file input24.txt (compact mmCIF, C-alpha atoms)
# COMPACT_ATOMS: atom_id res chain seq x y z
CA MET A 247 18.59 -17.23 -11.72
CA ARG A 248 19.98 -16.31 -8.31
CA TYR A 249 17.79 -15.96 -5.24
CA GLY A 250 18.37 -14.18 -1.96
CA ARG A 251 19.37 -10.78 -3.35
CA GLY A 252 16.75 -8.37 -1.93
CA PRO A 253 15.80 -7.62 1.69
CA TYR A 254 12.51 -9.53 1.37
CA SER A 255 13.72 -12.44 -0.73
CA LYS A 256 14.18 -14.81 2.23
CA LYS A 257 10.68 -14.00 3.52
CA ILE A 258 9.18 -14.47 0.06
CA LEU A 259 10.99 -17.77 -0.49
CA PHE A 260 9.90 -18.96 2.95
CA CYS A 261 6.31 -17.94 2.19
CA LEU A 262 6.43 -19.72 -1.16
CA SER A 263 7.89 -22.85 0.39
CA GLU A 264 4.97 -22.86 2.86
CA LEU A 265 2.51 -22.89 -0.01
CA ARG A 266 3.39 -26.43 -1.05
CA THR A 267 1.80 -25.93 -4.43
CA GLU A 268 2.65 -26.34 -8.06
CA ILE A 269 3.36 -22.82 -9.33
CA PRO A 270 4.18 -22.99 -13.06
CA CYS A 271 7.45 -21.05 -12.99
CA LEU A 272 8.52 -21.86 -9.42
CA GLY A 273 7.10 -25.32 -8.81
CA SER A 274 9.94 -27.17 -10.44
CA ILE A 275 12.53 -25.05 -8.64
CA MET A 276 11.00 -25.23 -5.16
CA ASN A 277 9.18 -28.60 -5.27
CA ILE A 278 6.04 -27.26 -3.58
CA GLU A 279 2.54 -28.63 -4.10
CA THR A 280 -1.10 -28.03 -3.04
CA ASN A 281 -4.49 -28.06 -4.74
CA ASN A 282 -5.82 -24.71 -3.45
CA PRO A 283 -5.10 -21.88 -5.92
CA THR A 284 -6.92 -19.36 -3.69
CA LEU A 285 -4.45 -20.09 -0.90
CA VAL A 286 -1.55 -19.61 -3.32
CA ILE A 287 -2.83 -16.19 -4.38
CA TRP A 288 -3.64 -15.18 -0.80
CA LYS A 289 -0.16 -16.13 0.46
CA ALA A 290 1.46 -14.18 -2.39
CA LEU A 291 -0.70 -11.12 -1.63
CA MET A 292 0.08 -11.35 2.10
CA SER A 293 3.79 -11.43 1.27
CA TRP A 294 3.32 -8.39 -0.99
CA GLY A 295 1.46 -6.55 1.81
CA GLU A 296 4.27 -7.27 4.24
CA SER A 297 6.84 -6.00 1.75
CA LEU A 298 4.92 -2.70 1.60
CA GLY A 299 5.60 -2.26 5.31
CA CYS A 300 2.09 -2.93 6.60
CA HIS A 301 1.81 -4.48 10.08
CA GLN A 302 -1.09 -6.71 8.87
CA MET A 303 -2.65 -7.01 12.32
CA PRO A 304 -5.80 -9.15 11.95
CA GLU A 305 -7.86 -6.98 14.31
CA ARG A 306 -7.03 -3.93 12.16
CA SER A 307 -7.70 -5.61 8.81
CA PHE A 308 -10.72 -6.42 6.70
CA PHE A 309 -11.63 -9.99 5.79
CA LEU A 310 -13.28 -11.31 2.63
CA ARG A 311 -14.69 -14.85 2.65
CA GLY A 312 -12.48 -15.76 5.58
CA TYR A 313 -9.27 -14.39 4.06
CA GLN A 314 -7.54 -11.41 5.64
CA PHE A 315 -6.78 -8.48 3.31
CA PRO A 316 -3.05 -8.29 2.51
CA VAL A 317 -2.86 -4.83 4.14
CA CYS A 318 -4.61 -3.28 7.15
CA ALA A 319 -7.69 -1.06 6.90
CA ARG A 320 -5.67 2.18 6.83
CA CYS A 321 -3.26 0.90 4.17
CA THR A 322 -6.24 -0.34 2.13
CA GLY A 323 -7.64 3.19 2.24
CA VAL A 324 -4.27 4.72 1.35
CA ILE A 325 -3.87 2.45 -1.69
CA ILE A 326 -7.40 3.21 -2.93
CA GLY A 327 -6.80 6.93 -2.26
CA TYR A 328 -3.60 6.78 -4.32
CA ILE A 329 -5.46 5.15 -7.20
CA LEU A 330 -8.36 7.63 -7.08
CA ALA A 331 -6.06 10.67 -6.82
CA VAL A 332 -4.52 10.21 -10.28
CA PRO A 333 -7.64 10.59 -12.45
CA ILE A 334 -9.20 13.15 -10.08
CA TYR A 335 -6.03 15.27 -10.23
CA TYR A 336 -6.13 15.31 -14.02
CA ILE A 337 -9.87 16.08 -14.08
CA SER A 338 -10.05 18.80 -11.43
CA GLY A 339 -6.45 19.85 -10.81
CA PHE A 340 -4.56 20.27 -7.55
CA HIS A 341 -6.35 21.48 -4.44
CA ARG A 342 -3.69 22.26 -1.86
CA ASN A 343 -5.97 22.75 1.17
CA THR A 344 -7.91 19.54 0.50
CA SER A 345 -4.69 17.58 0.10
CA ILE A 346 -3.15 18.95 3.29
CA PHE A 347 -6.40 18.34 5.21
CA GLY A 348 -6.43 14.72 4.00
CA CYS A 349 -2.87 14.11 5.17
CA PHE A 350 -3.45 15.74 8.56
CA SER A 351 -6.68 13.84 9.17
CA MET A 352 -4.88 10.53 8.68
CA LEU A 353 -1.98 11.69 10.86
CA THR A 354 -4.39 12.88 13.57
CA ASP A 355 -6.30 9.57 13.64
CA TRP A 356 -3.01 7.65 13.81
CA GLY A 357 -1.64 9.95 16.54
CA ILE A 358 -4.76 9.72 18.72
CA GLN A 359 -4.57 5.95 18.50
CA LYS A 360 -0.80 5.87 19.05
CA ILE A 361 -0.98 7.80 22.34
CA ARG A 362 -3.91 5.59 23.35
CA LEU A 363 -6.29 8.52 23.77
CA MET A 364 -8.98 6.73 21.78
CA GLU A 365 -9.02 3.46 19.85
CA SER A 366 -9.82 3.92 16.18
CA THR A 367 -12.21 1.65 14.29
CA ASN A 368 -11.46 -0.10 11.01
CA THR A 369 -14.03 2.10 9.26
CA ARG A 370 -12.35 5.26 10.54
CA ARG A 371 -8.91 3.87 9.69
CA PHE A 372 -10.10 3.12 6.16
CA LEU A 373 -11.71 6.54 5.65
CA THR A 374 -8.78 8.53 7.03
CA GLY A 375 -6.43 6.34 4.98
CA LEU A 376 -8.54 7.00 1.89
CA ILE A 377 -8.47 10.79 2.23
CA GLY A 378 -4.88 10.74 3.48
CA GLY A 379 -3.73 8.62 0.55
CA PHE A 380 -5.64 10.88 -1.83
CA GLY A 381 -4.01 13.97 -0.33
CA LEU A 382 -0.54 12.47 -0.28
CA MET A 383 -0.71 11.27 -3.89
CA SER A 384 -2.11 14.63 -5.04
CA ILE A 385 0.83 16.40 -3.39
CA GLN A 386 3.29 13.95 -4.98
CA ILE A 387 1.76 14.45 -8.44
CA GLU A 388 1.91 18.23 -8.00
CA ILE A 389 5.59 18.04 -6.95
CA ILE A 390 6.40 15.90 -9.99
CA ARG A 391 4.50 18.32 -12.25
CA CYS A 392 6.43 21.28 -10.81
CA VAL A 393 9.78 19.51 -11.22
CA ILE A 394 8.99 18.62 -14.85
CA GLN A 395 7.85 22.18 -15.52
CA ARG A 396 11.07 23.54 -13.98
CA LEU A 397 13.23 21.14 -16.00
CA GLU A 398 11.43 22.13 -19.19
CA SER A 399 11.93 25.84 -18.46
CA TRP A 400 15.63 25.24 -17.84
CA SER A 401 16.03 23.34 -21.11
CA ILE A 402 14.25 26.16 -23.02
CA GLN A 403 16.58 28.78 -21.49
CA LYS A 404 19.73 26.93 -22.59
call {"tool": "encode", "arguments": {"input": "input24.txt", "output": "structure tokens"}}
result
Amino acid sequence: MRYGRGPYSKKILFCLSELRTEIPCLGSIMNIETNNPTLVIWKALMSWGESLGCHQMPERSFFLRGYQFPVCARCTGVIIGYILAVPIYYISGFHRNTSIFGCFSMLTDWGIQKIRLMESTNTRRFLTGLIGGFGLMSIQIEIIRCVIQRLESWSIQK
């Protein structure tokens, strides 16, 4: 198996080498050892969060039992919003105005903070991320549904 192929592979290998633990499939390759499995999981999740593009700033992140979440408060909300949007879309359908409002509320909160008009709180970041992620995923699902419907209509016409 060759390593070092993807853009994040060096960061991931560096992170894994910092773990100094015995990981079943990687331990023999990387000669790393530790006795804290929670630390191993946390380091892997932090690496995953970084690969998603999250800044992972501690002051903008939640903590659980002393461990920082792998993504910031807004990204946590976006991920949960993505997950919630799928079943809600199939139960209640697509609501264009709600989806657009969700996206704009997240963009507005981010913009106000970016121009330093007002500092956002982690709770507000999470909530705007939640409704923004919900809105964004609903729009993406609707686009995919429309594309599939269009492709099916084209195949019927041929």
call {"tool": "closest_residue", "arguments": {"input": "input24.txt", "among": "A:Gly379, A:Gln403, A:Asn281, A:Gln395", "to": "Thr344 in chain A", "atoms": "all atoms listed in the file"}}
result
A:Gly379
call {"tool": "atom_distance", "arguments": {"input": "input24.txt", "atom1": "CA of Ile346 in chain A", "atom2": "CA of Leu373 in chain A"}}
result
15.3 Å
call {"tool": "closest_residue", "arguments": {"input": "input24.txt", "among": "A:Ala319, A:Ser345, A:Pro283, A:Thr354", "to": "Ala331 in chain A", "atoms": "all atoms listed in the file"}}
result
A:Ser345
call {"tool": "residues_near_point", "arguments": {"input": "input24.txt", "point": "(-2.0, -5.3, 10.8)", "cutoff": "9 Å", "atoms": "all atoms listed in the file", "output": "short mmCIF file (atom, residue, chain, number, x, y, z; two decimals) with C-alpha atoms, in the frame of the given file"}}
result
data_model
loop_
_atom_site.label_atom_id
_atom_site.label_comp_id
_atom_site.auth_asym_id
_atom_site.auth_seq_id
_atom_site.Cartn_x
_atom_site.Cartn_y
_atom_site.Cartn_z
CA CYS A 300 2.09 -2.93 6.60
CA HIS A 301 1.81 -4.48 10.08
CA GLN A 302 -1.09 -6.71 8.87
CA MET A 303 -2.65 -7.01 12.32
CA PRO A 304 -5.80 -9.15 11.95
CA GLU A 305 -7.86 -6.98 14.31
CA ARG A 306 -7.03 -3.93 12.16
CA SER A 307 -7.70 -5.61 8.81
CA PRO A 316 -3.05 -8.29 2.51
CA VAL A 317 -2.86 -4.83 4.14
CA CYS A 318 -4.61 -3.28 7.15
CA ALA A 319 -7.69 -1.06 6.90
#
call {"tool": "closest_residue", "arguments": {"input": "input24.txt", "among": "A:Arg342, A:Arg370, A:Arg396, A:Lys289", "to": "Thr322 in chain A", "atoms": "all atoms listed in the file"}}
result
A:Arg370
call {"tool": "atom_distance", "arguments": {"input": "input24.txt", "atom1": "CA of Gly327 in chain A", "atom2": "CA of Glu398 in chain A"}}
result
29.2 Å
call {"tool": "residues_around", "arguments": {"input": "input24.txt", "residues": "Ile387 in chain A", "least_positions_apart": "4", "cutoff": "12 Å", "atoms": "only C-alpha atoms", "output": "number ranges by chain"}}
result
A: 328-329, 331-336, 339-342, 345, 380-383, 391-394
call {"tool": "closest_residue", "arguments": {"input": "input24.txt", "among": "A:Thr374, A:Ser401, A:Thr284, A:Ser293", "to": "Cys349 in chain A", "atoms": "all atoms listed in the file"}}
result
A:Thr374
call {"tool": "atom_distance", "arguments": {"input": "input24.txt", "atom1": "CA of Thr369 in chain A", "atom2": "CA of Trp288 in chain A"}}
result
22.5 Å
call {"tool": "closest_residue", "arguments": {"input": "input24.txt", "among": "A:Ser384, A:Leu310, A:Leu363, A:Arg371", "to": "Ser338 in chain A", "atoms": "only C-alpha atoms"}}
result
A:Ser384
call {"tool": "axis_aligned_box", "arguments": {"input": "input24.txt", "around": "range 319-336 of chain A", "padding_each_side": "6 Å", "output": "lines of an AutoDock Vina configuration file"}}
result
center_x = -6.2
center_y = 7.1
center_z = -3.6
size_x = 17.9
size_y = 28.4
size_z = 32.9
call {"tool": "residues_around", "arguments": {"input": "input24.txt", "residues": "Trp356 in chain A", "least_positions_apart": "2", "cutoff": "12 Å", "atoms": "only C-alpha atoms", "output": "PyMOL selection string"}}
result
chain A and resi 320-321+349-354+358-368+370-375+378
call {"tool": "closest_residue", "arguments": {"input": "input24.txt", "among": "A:Leu376, A:Asn282, A:Asn343, A:Phe315", "to": "Trp294 in chain A", "atoms": "all atoms listed in the file"}}
result
A:Phe315
call {"tool": "build_atoms", "arguments": {"input": "input24.txt", "residues": "range 284-298 of chain A", "atoms": "N, CA, C and O atoms", "output": "PDB file, in the frame of the given file"}}
result
ATOM      1  N   THR A 284      -6.566 -20.546  -4.472  1.00  0.00           N
ATOM      2  CA  THR A 284      -6.920 -19.360  -3.690  1.00  0.00           C
ATOM      3  C   THR A 284      -5.896 -19.131  -2.595  1.00  0.00           C
ATOM      4  O   THR A 284      -5.484 -17.999  -2.338  1.00  0.00           O
ATOM      5  N   LEU A 285      -5.458 -20.196  -1.953  1.00  0.00           N
ATOM      6  CA  LEU A 285      -4.450 -20.090  -0.900  1.00  0.00           C
ATOM      7  C   LEU A 285      -3.129 -19.594  -1.475  1.00  0.00           C
ATOM      8  O   LEU A 285      -2.436 -18.785  -0.852  1.00  0.00           O
ATOM      9  N   VAL A 286      -2.790 -20.045  -2.661  1.00  0.00           N
ATOM     10  CA  VAL A 286      -1.550 -19.610  -3.320  1.00  0.00           C
ATOM     11  C   VAL A 286      -1.593 -18.104  -3.548  1.00  0.00           C
ATOM     12  O   VAL A 286      -0.651 -17.381  -3.204  1.00  0.00           O
ATOM     13  N   ILE A 287      -2.695 -17.623  -4.103  1.00  0.00           N
ATOM     14  CA  ILE A 287      -2.830 -16.190  -4.380  1.00  0.00           C
ATOM     15  C   ILE A 287      -2.835 -15.404  -3.078  1.00  0.00           C
ATOM     16  O   ILE A 287      -2.167 -14.369  -2.963  1.00  0.00           O
ATOM     17  N   TRP A 288      -3.567 -15.890  -2.072  1.00  0.00           N
ATOM     18  CA  TRP A 288      -3.640 -15.180  -0.800  1.00  0.00           C
ATOM     19  C   TRP A 288      -2.262 -15.074  -0.144  1.00  0.00           C
ATOM     20  O   TRP A 288      -1.882 -14.013   0.346  1.00  0.00           O
ATOM     21  N   LYS A 289      -1.503 -16.161  -0.138  1.00  0.00           N
ATOM     22  CA  LYS A 289      -0.160 -16.130   0.460  1.00  0.00           C
ATOM     23  C   LYS A 289       0.742 -15.144  -0.276  1.00  0.00           C
ATOM     24  O   LYS A 289       1.501 -14.408   0.350  1.00  0.00           O
ATOM     25  N   ALA A 290       0.649 -15.118  -1.611  1.00  0.00           N
ATOM     26  CA  ALA A 290       1.460 -14.180  -2.390  1.00  0.00           C
ATOM     27  C   ALA A 290       1.072 -12.737  -2.076  1.00  0.00           C
ATOM     28  O   ALA A 290       1.930 -11.864  -1.919  1.00  0.00           O
ATOM     29  N   LEU A 291      -0.230 -12.464  -1.965  1.00  0.00           N
ATOM     30  CA  LEU A 291      -0.700 -11.120  -1.630  1.00  0.00           C
ATOM     31  C   LEU A 291      -0.290 -10.714  -0.219  1.00  0.00           C
ATOM     32  O   LEU A 291       0.073  -9.556   0.027  1.00  0.00           O
ATOM     33  N   MET A 292      -0.344 -11.644   0.725  1.00  0.00           N
ATOM     34  CA  MET A 292       0.080 -11.350   2.100  1.00  0.00           C
ATOM     35  C   MET A 292       1.577 -11.014   2.129  1.00  0.00           C
ATOM     36  O   MET A 292       2.005 -10.106   2.843  1.00  0.00           O
ATOM     37  N   SER A 293       2.359 -11.720   1.352  1.00  0.00           N
ATOM     38  CA  SER A 293       3.790 -11.430   1.270  1.00  0.00           C
ATOM     39  C   SER A 293       4.009 -10.045   0.669  1.00  0.00           C
ATOM     40  O   SER A 293       4.861  -9.284   1.135  1.00  0.00           O
ATOM     41  N   TRP A 294       3.228  -9.710  -0.365  1.00  0.00           N
ATOM     42  CA  TRP A 294       3.320  -8.390  -0.990  1.00  0.00           C
ATOM     43  C   TRP A 294       2.943  -7.299   0.034  1.00  0.00           C
ATOM     44  O   TRP A 294       3.625  -6.278   0.127  1.00  0.00           O
ATOM     45  N   GLY A 295       1.878  -7.512   0.796  1.00  0.00           N
ATOM     46  CA  GLY A 295       1.460  -6.550   1.810  1.00  0.00           C
ATOM     47  C   GLY A 295       2.535  -6.321   2.862  1.00  0.00           C
ATOM     48  O   GLY A 295       2.786  -5.193   3.288  1.00  0.00           O
ATOM     49  N   GLU A 296       3.184  -7.392   3.260  1.00  0.00           N
ATOM     50  CA  GLU A 296       4.270  -7.270   4.240  1.00  0.00           C
ATOM     51  C   GLU A 296       5.434  -6.486   3.652  1.00  0.00           C
ATOM     52  O   GLU A 296       6.038  -5.660   4.324  1.00  0.00           O
ATOM     53  N   SER A 297       5.726  -6.712   2.377  1.00  0.00           N
ATOM     54  CA  SER A 297       6.840  -6.000   1.750  1.00  0.00           C
ATOM     55  C   SER A 297       6.551  -4.504   1.611  1.00  0.00           C
ATOM     56  O   SER A 297       7.473  -3.707   1.492  1.00  0.00           O
ATOM     57  N   LEU A 298       5.272  -4.116   1.629  1.00  0.00           N
ATOM     58  CA  LEU A 298       4.920  -2.700   1.600  1.00  0.00           C
ATOM     59  C   LEU A 298       5.152  -2.023   2.947  1.00  0.00           C
ATOM     60  O   LEU A 298       5.114  -0.801   3.057  1.00  0.00           O
TER      61      LEU A 298
END
